[in-house]
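So this block is final08.cif, mmCIF, C-alpha atoms:
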data_query
#
loop_
_atom_site.label_atom_id
_atom_site.label_comp_id
_atom_site.auth_asym_id
_atom_site.auth_seq_id
_atom_site.Cartn_x
_atom_site.Cartn_y
_atom_site.Cartn_z
CA MET A 5 0.53 50.40 -123.48
CA THR A 6 -2.09 50.83 -120.74
CA ASN A 7 -3.08 54.34 -119.72
CA SER A 8 -1.72 55.09 -116.24
CA THR A 9 -5.05 56.28 -114.84
CA GLU A 10 -6.82 53.14 -116.11
CA SER A 11 -4.20 50.94 -114.52
CA GLN A 12 -5.00 52.60 -111.19
CA GLY A 13 -8.64 51.56 -111.42
CA SER A 14 -10.31 54.74 -112.70
CA VAL A 15 -13.44 54.36 -114.85
CA THR A 16 -14.01 56.32 -118.05
CA PRO A 17 -17.44 57.89 -118.77
CA ALA A 18 -18.01 55.30 -121.49
CA GLN A 19 -17.24 52.45 -119.11
CA GLU A 20 -19.51 53.95 -116.46
CA SER A 21 -22.34 54.20 -118.99
CA MET A 22 -21.85 50.57 -120.01
CA GLN A 23 -21.89 49.53 -116.36
CA LYS A 24 -25.18 51.34 -115.71
CA SER A 25 -26.71 49.74 -118.80
CA SER A 26 -25.57 46.31 -117.64
CA ASP A 27 -27.02 46.93 -114.17
CA ALA A 28 -30.37 47.94 -115.67
CA ARG A 29 -30.54 44.79 -117.76
CA GLY A 30 -29.76 42.72 -114.69
CA PHE A 31 -32.66 44.20 -112.72
CA VAL A 32 -35.09 43.87 -115.61
CA ALA A 33 -34.09 40.22 -115.87
CA LEU A 34 -36.22 39.60 -112.79
CA ASP A 35 -39.25 39.78 -115.08
CA ASN A 36 -38.17 36.42 -116.47
CA ALA A 37 -37.23 34.86 -113.14
CA ALA A 38 -38.88 31.59 -112.13
CA PHE A 39 -41.10 32.99 -109.40
CA PRO A 40 -43.59 30.58 -107.78
CA LEU A 41 -46.96 30.38 -109.51
CA PHE A 42 -49.70 32.53 -107.97
CA GLU A 43 -52.65 30.31 -108.79
CA PRO A 44 -56.31 31.34 -109.09
CA GLY A 45 -58.33 30.47 -106.01
CA THR A 46 -55.37 30.96 -103.64
CA VAL A 47 -54.39 33.66 -101.16
CA TRP A 48 -50.93 35.10 -100.60
CA LEU A 49 -50.42 36.88 -97.28
CA VAL A 50 -47.59 39.31 -97.92
CA GLY A 51 -45.73 41.58 -95.53
CA ALA A 52 -45.27 44.98 -97.17
CA GLY A 53 -42.54 45.97 -94.73
CA PRO A 54 -42.36 48.96 -92.36
CA GLY A 55 -43.23 51.62 -94.93
CA ALA A 56 -40.47 52.41 -97.40
CA PRO A 57 -41.39 50.84 -100.78
CA GLY A 58 -37.83 49.63 -101.35
CA LEU A 59 -38.10 47.30 -98.36
CA LEU A 60 -40.77 45.19 -100.05
CA THR A 61 -39.47 41.71 -100.89
CA LEU A 62 -39.13 40.39 -104.44
CA LEU A 63 -41.88 37.84 -103.77
CA GLY A 64 -44.09 40.66 -102.56
CA TYR A 65 -43.46 42.62 -105.76
CA HIS A 66 -44.20 39.51 -107.83
CA ALA A 67 -47.51 39.07 -105.99
CA LEU A 68 -48.49 42.68 -106.71
CA GLN A 69 -47.76 42.14 -110.39
CA THR A 70 -49.85 38.96 -110.50
CA ALA A 71 -52.82 39.34 -108.12
CA ASP A 72 -56.37 39.84 -109.34
CA ILE A 73 -57.33 41.65 -106.16
CA VAL A 74 -55.27 43.33 -103.44
CA VAL A 75 -56.81 43.47 -99.96
CA TYR A 76 -54.58 45.94 -98.15
CA ASP A 77 -54.10 47.37 -94.66
CA ALA A 78 -54.01 50.96 -93.41
CA LEU A 79 -50.23 51.17 -93.07
CA VAL A 80 -49.46 50.05 -96.64
CA GLY A 81 -48.27 53.11 -98.55
CA LYS A 82 -49.64 54.41 -101.85
CA HIS A 83 -46.27 53.96 -103.56
CA ILE A 84 -46.32 50.22 -102.91
CA LEU A 85 -49.95 49.96 -104.03
CA SER A 86 -49.02 51.72 -107.28
CA TRP A 87 -46.90 48.69 -108.18
CA ALA A 88 -49.97 46.46 -108.51
CA ARG A 89 -50.86 45.54 -112.07
CA THR A 90 -53.25 48.03 -113.61
CA SER A 91 -56.15 45.57 -113.90
CA ALA A 92 -56.02 44.54 -110.24
CA GLN A 93 -58.93 45.41 -107.99
CA MET A 94 -57.92 47.30 -104.85
CA GLU A 95 -59.87 46.75 -101.63
CA TYR A 96 -59.14 48.51 -98.34
CA ALA A 97 -59.42 46.45 -95.16
CA GLY A 98 -57.44 48.48 -92.65
CA LYS A 99 -57.59 48.20 -88.89
CA ARG A 100 -56.32 51.05 -86.71
CA GLY A 101 -56.42 51.20 -82.93
CA GLY A 102 -58.97 53.69 -81.61
CA LYS A 103 -60.51 54.27 -85.04
CA LEU A 104 -63.45 52.80 -86.93
CA SER A 105 -62.05 49.67 -88.55
CA HIS A 106 -63.07 46.55 -90.39
CA ASN A 107 -64.05 43.58 -88.24
CA GLN A 108 -61.41 40.85 -88.36
CA ARG A 109 -63.99 38.12 -88.92
CA ASP A 110 -65.38 40.04 -91.89
CA ILE A 111 -61.89 40.40 -93.39
CA SER A 112 -61.20 36.68 -93.06
CA ASP A 113 -64.58 35.79 -94.56
CA ARG A 114 -63.92 38.17 -97.45
CA LEU A 115 -60.60 36.48 -98.24
CA VAL A 116 -62.36 33.11 -98.34
CA GLU A 117 -65.15 34.51 -100.54
CA LEU A 118 -62.73 36.02 -103.05
CA ALA A 119 -60.59 32.90 -103.26
CA LYS A 120 -63.63 30.69 -103.80
CA SER A 121 -64.65 32.95 -106.70
CA GLY A 122 -61.39 31.97 -108.43
CA LYS A 123 -59.43 35.15 -107.74
CA ARG A 124 -55.72 35.36 -107.05
CA VAL A 125 -56.01 37.18 -103.74
CA LEU A 126 -53.16 39.23 -102.31
CA ARG A 127 -53.60 40.07 -98.64
CA LEU A 128 -51.10 42.91 -98.22
CA LYS A 129 -50.23 43.72 -94.63
CA GLY A 130 -47.88 46.27 -93.10
CA GLY A 131 -44.68 44.88 -91.60
CA ASP A 132 -44.80 41.10 -91.33
CA PRO A 133 -48.06 39.10 -91.45
CA PHE A 134 -47.20 37.05 -88.38
CA ILE A 135 -45.87 39.79 -86.08
CA PHE A 136 -48.89 41.40 -84.41
CA GLY A 137 -50.58 41.40 -87.80
CA ARG A 138 -53.43 38.89 -87.37
CA GLY A 139 -52.00 36.85 -90.19
CA GLY A 140 -52.29 33.69 -88.14
CA GLU A 141 -56.01 34.24 -87.63
CA GLU A 142 -56.57 34.78 -91.33
CA CYS A 143 -54.62 31.65 -92.20
CA GLN A 144 -56.71 29.63 -89.75
CA ALA A 145 -59.86 30.83 -91.52
CA LEU A 146 -58.41 29.96 -94.93
CA MET A 147 -57.32 26.53 -93.73
CA ALA A 148 -60.78 25.83 -92.29
CA ALA A 149 -62.33 26.76 -95.65
CA GLY A 150 -59.93 24.57 -97.60
CA ILE A 151 -58.22 27.55 -99.28
CA ARG A 152 -54.54 27.16 -100.17
CA PHE A 153 -52.29 30.02 -99.14
CA ARG A 154 -48.68 31.19 -99.08
CA ILE A 155 -46.95 33.36 -96.47
CA VAL A 156 -44.45 35.96 -97.70
CA PRO A 157 -42.66 37.42 -94.66
CA GLY A 158 -41.93 41.12 -94.52
CA ILE A 159 -39.51 43.34 -92.63
CA SER A 160 -41.17 44.15 -89.34
CA ALA A 161 -41.25 47.75 -88.12
CA GLY A 162 -39.77 46.54 -84.84
CA VAL A 163 -36.58 45.69 -86.71
CA GLY A 164 -36.53 47.80 -89.88
CA GLY A 165 -38.00 50.87 -88.22
CA LEU A 166 -35.33 50.82 -85.53
CA ALA A 167 -32.61 50.39 -88.16
CA TYR A 168 -33.78 53.55 -89.97
CA ALA A 169 -33.59 55.39 -86.66
CA GLY A 170 -30.00 54.27 -86.16
CA ILE A 171 -30.98 51.93 -83.32
CA PRO A 172 -29.82 48.29 -83.55
CA VAL A 173 -32.22 45.80 -82.02
CA THR A 174 -29.26 43.98 -80.49
CA HIS A 175 -25.65 44.91 -79.84
CA ARG A 176 -22.99 42.76 -78.21
CA GLN A 177 -22.11 45.50 -75.74
CA THR A 178 -25.68 46.13 -74.56
CA ASN A 179 -28.00 43.15 -74.88
CA GLN A 180 -28.09 39.49 -75.83
CA SER A 181 -31.88 39.36 -75.85
CA VAL A 182 -34.86 41.45 -76.87
CA ILE A 183 -38.59 41.19 -76.15
CA PHE A 184 -41.23 42.18 -78.70
CA LEU A 185 -44.72 42.87 -77.40
CA THR A 186 -47.91 44.69 -78.30
CA GLY A 187 -49.14 47.68 -76.35
CA HIS A 188 -52.83 46.81 -76.51
CA ASP A 189 -55.14 43.82 -76.76
CA ALA A 190 -58.18 43.28 -79.00
CA SER A 191 -60.22 45.76 -76.93
CA GLY A 192 -57.55 48.46 -77.10
CA ALA A 193 -56.65 48.14 -73.42
CA ILE A 194 -53.24 47.23 -72.01
CA PRO A 195 -52.69 43.50 -72.63
CA ALA A 196 -53.89 41.55 -69.60
CA GLY A 197 -51.97 38.46 -70.69
CA VAL A 198 -48.54 40.10 -70.30
CA ASP A 199 -46.63 39.40 -67.10
CA TRP A 200 -45.24 42.92 -66.81
CA LYS A 201 -43.21 42.11 -63.71
CA ALA A 202 -41.39 39.35 -65.57
CA VAL A 203 -41.09 41.35 -68.79
CA GLY A 204 -39.66 44.32 -66.96
CA THR A 205 -36.52 42.48 -65.94
CA ALA A 206 -36.28 39.67 -68.51
CA SER A 207 -34.43 41.66 -71.17
CA PRO A 208 -32.52 44.95 -71.31
CA VAL A 209 -34.38 45.88 -74.51
CA LEU A 210 -38.13 46.00 -75.09
CA VAL A 211 -39.69 46.80 -78.46
CA MET A 212 -43.39 47.63 -78.30
CA TYR A 213 -45.89 47.90 -81.14
CA MET A 214 -48.99 50.10 -80.87
CA ALA A 215 -48.07 51.15 -77.34
CA VAL A 216 -48.25 54.97 -77.29
CA LYS A 217 -51.90 55.16 -76.18
CA ASN A 218 -51.28 52.92 -73.18
CA LEU A 219 -47.74 54.08 -72.46
CA PRO A 220 -48.65 55.89 -69.21
CA GLU A 221 -49.91 52.64 -67.69
CA ILE A 222 -47.22 50.49 -69.29
CA SER A 223 -44.47 52.77 -67.99
CA GLU A 224 -45.80 52.53 -64.45
CA LYS A 225 -45.94 48.75 -64.64
CA LEU A 226 -42.36 48.55 -65.91
CA LEU A 227 -41.14 50.92 -63.19
CA ASP A 228 -42.97 48.86 -60.57
CA ALA A 229 -41.23 45.78 -62.02
CA GLY A 230 -37.84 47.33 -61.26
CA ARG A 231 -36.78 49.19 -64.37
CA GLU A 232 -35.03 52.52 -63.87
CA ARG A 233 -36.74 55.85 -64.54
CA SER A 234 -33.57 56.84 -66.43
CA ASP A 235 -33.89 53.97 -68.94
CA ALA A 236 -33.57 55.38 -72.47
CA VAL A 237 -36.71 55.39 -74.62
CA ALA A 238 -37.19 56.18 -78.30
CA VAL A 239 -40.53 56.61 -80.04
CA ILE A 240 -40.22 56.15 -83.81
CA ALA A 241 -43.15 57.41 -85.87
CA ASN A 242 -43.65 56.87 -89.63
CA ALA A 243 -40.57 54.67 -89.57
CA THR A 244 -38.54 54.40 -92.82
CA LEU A 245 -40.55 57.16 -94.51
CA ALA A 246 -39.43 60.68 -95.41
CA GLU A 247 -41.54 62.07 -92.56
CA GLN A 248 -39.97 59.73 -89.99
CA LYS A 249 -39.74 61.31 -86.54
CA VAL A 250 -37.83 60.03 -83.53
CA VAL A 251 -38.52 61.32 -80.03
CA GLU A 252 -35.98 60.40 -77.37
CA THR A 253 -36.90 60.46 -73.70
CA THR A 254 -36.70 58.30 -70.58
CA LEU A 255 -39.01 55.72 -69.08
CA GLY A 256 -39.78 58.11 -66.24
CA GLN A 257 -40.96 60.80 -68.66
CA ALA A 258 -42.43 58.74 -71.52
CA GLY A 259 -45.74 58.02 -69.83
CA GLU A 260 -46.27 61.66 -68.95
CA MET A 261 -45.48 62.74 -72.50
CA ALA A 262 -47.93 60.20 -73.92
CA GLY A 263 -50.61 61.35 -71.50
CA ARG A 264 -50.17 64.93 -72.71
CA GLY A 265 -50.37 63.84 -76.35
CA GLU A 266 -46.76 64.81 -77.05
CA LEU A 267 -45.73 61.55 -78.74
CA PRO A 268 -46.36 60.94 -82.45
CA THR A 269 -48.25 57.96 -83.87
CA PRO A 270 -48.30 55.42 -85.45
CA ALA A 271 -45.08 54.52 -83.72
CA ILE A 272 -42.73 51.86 -82.42
CA VAL A 273 -41.48 52.29 -78.85
CA VAL A 274 -38.08 50.90 -77.87
CA ILE A 275 -36.76 50.88 -74.31
CA GLY A 276 -33.21 50.11 -73.30
CA PRO A 277 -29.52 50.87 -73.80
CA VAL A 278 -29.58 50.39 -77.59
CA VAL A 279 -31.37 53.74 -77.81
CA ASP A 280 -28.15 55.48 -76.74
CA LEU A 281 -26.39 54.10 -79.84
CA LYS A 282 -28.52 56.39 -81.99
CA LYS A 283 -26.09 59.23 -81.24
CA GLN A 284 -23.39 57.34 -83.16
CA LEU A 285 -25.43 55.48 -85.75
CA THR A 286 -27.94 57.97 -87.13
CA TRP A 287 -27.70 57.69 -90.93
CA TYR A 288 -31.16 58.41 -92.40
CA ASN A 289 -30.62 62.13 -92.92
CA ASP A 290 -32.51 64.75 -94.92
CA GLN A 291 -30.64 64.08 -98.15
CA LEU A 292 -31.43 60.36 -98.08
CA ARG A 293 -35.06 61.06 -97.28
CA GLN A 294 -35.46 62.72 -100.67
CA ASN A 295 -35.53 59.25 -102.27
CA ALA A 296 -39.15 58.03 -102.18
CA ILE A 297 -38.11 54.38 -102.48
CA GLY A 298 -36.38 54.48 -99.12
#
Can you dump the structure from the file as structure tokens?
Amino acid sequence: MTNSTESQGSVTPAQESMQKSSDARGFVALDNAAFPLFEPGTVWLVGAGPGAPGLLTLLGYHALQTADIVVYDALVGKHILSWARTSAQMEYAGKRGGKLSHNQRDISDRLVELAKSGKRVLRLKGGDPFIFGRGGEECQALMAAGIRFRIVPGISAGVGGLAYAGIPVTHRQTNQSVIFLTGHDASGAIPAGVDWKAVGTASPVLVMYMAVKNLPEISEKLLDAGRERSDAVAVIANATLAEQKVVETTLGQAGEMAGRGELPTPAIVVIGPVVDLKKQLTWYNDQLRQNAIG
């Protein structure tokens, strides 16, 4: 005869223990998975995601476990770097707006040099390599030098960072389009190649990378293009990390706040009605932030 509580779907401590053991074996089984070969003399450009280690892809983890040398950016966290194999050489090649940084040409030349020496080179970049990450430029240099490479996409901060703030990039009731853009060009100034008048009215939602420094000027251009001063704005700093901070304001006030140094960095800036959904969808609370994986 079956116990009545078991028939209702309850789980005994012994069954729970067996389930956890089975789950552990399943995860460890990835060590024997048929991942693609990371060959000597090649470069993998891997997106490390927006910050939280748990958002790294399986291919990214495999690359860390296999690479001879890891050339990493400023926004790649120490926890993710700790997953590299112990014999791997670690080389910093970060670029940060407004701060002394490595020259992009030097970084690309270094990747070529390391690959030609027979190393398995992991170029680890924050977010996604091809979203405002100069990955395309580095691939062009590798292609010109005859170096084979693989791209491993990552979760971009403009998507994953918003999700951790409880802000969906799109929502059927607010927007059917979104525009992603950078807040500065190679010189650090507001991008001259952006048609701000067109951008201002083309989509209800704008997501801007590296825009806080130039937000006073950007805000004015968007207001001149016809956007409302009351448009909701969120500035998300240290997205997906325990120290994540979200500042909510309006387009009319955001520029002034940036000018007074009241907005945190590094940050993603999102403008539009999706920001208002944060009131309903905030989920990344203090208790969840205690988990370092994300």
May I have the residues within 12 Å of Leu60 of chain A as a count of residues only, using all atoms listed in the file and disregarding those fewer than 3 positions away in the same chain?
-> 34
So how many Å separate atom CA of Pro268 of chain A and atom CA of Ser181 of chain A, to one decimal?
->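 According to the coordinates, atom CA of Pro268 of chain A and atom CA of Ser181 of chain A are separated by 26.8 Å.
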Tell me, in Å to one decimal, how far atom CA of Val273 of chain A is from atom CA of Gly259 of chain A.
-> 11.5 Å
What does the distance between atom CA of Gln69 of chain A and atom CA of Pro40 of chain A come to in Å, to one decimal place?
->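 Computing it gives 12.6 Å between the two atoms.
Proximity ranking of A:Arg233, A:Lys249, A:Arg176, A:Lys225 relative to Pro195 of chain A places A:Lys225 first, based on only C-alpha atoms.
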Distance query Lys123 of chain A at most 10 Å, only C-alpha atoms, self and fewer than 5 positions along chain excluded, as a VMD selection string = chain A and resid 43 to 47 71 to 73 115 117 to 118
Next, dump the selected residues to file, keeping only C-alpha atoms, as a compact mmCIF listing (two decimals), keeping the file's coordinate frame.
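Generated output (result.txt):
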# COMPACT_ATOMS: atom_id res chain seq x y z
CA GLU A 43 -52.65 30.31 -108.79
CA PRO A 44 -56.31 31.34 -109.09
CA GLY A 45 -58.33 30.47 -106.01
CA THR A 46 -55.37 30.96 -103.64
CA VAL A 47 -54.39 33.66 -101.16
CA ALA A 71 -52.82 39.34 -108.12
CA ASP A 72 -56.37 39.84 -109.34
CA ILE A 73 -57.33 41.65 -106.16
CA LEU A 115 -60.60 36.48 -98.24
CA GLU A 117 -65.15 34.51 -100.54
CA LEU A 118 -62.73 36.02 -103.05
Show me as a ChimeraX atom specification the residues that reach within 12 Å of (-24.7, 42.8, -75.3), counting all atoms listed in the file and using the file's own coordinates.
-> /A:172-182,207-209,276-278
Close residues, Tyr96 of chain A itself excluded, 7 Å, all atoms listed in the file, min 3 positions apart in chain, as an MDAnalysis selection string = chainID A and resid 75:77
Now that the selection is made, can you save its residues with C-alpha atoms as a CSV table (one decimal), in the coordinates of the input?
chain,number,residue,atom,x,y,z
A,75,VAL,CA,-56.8,43.5,-100.0
A,76,TYR,CA,-54.6,45.9,-98.2
A,77,ASP,CA,-54.1,47.4,-94.7
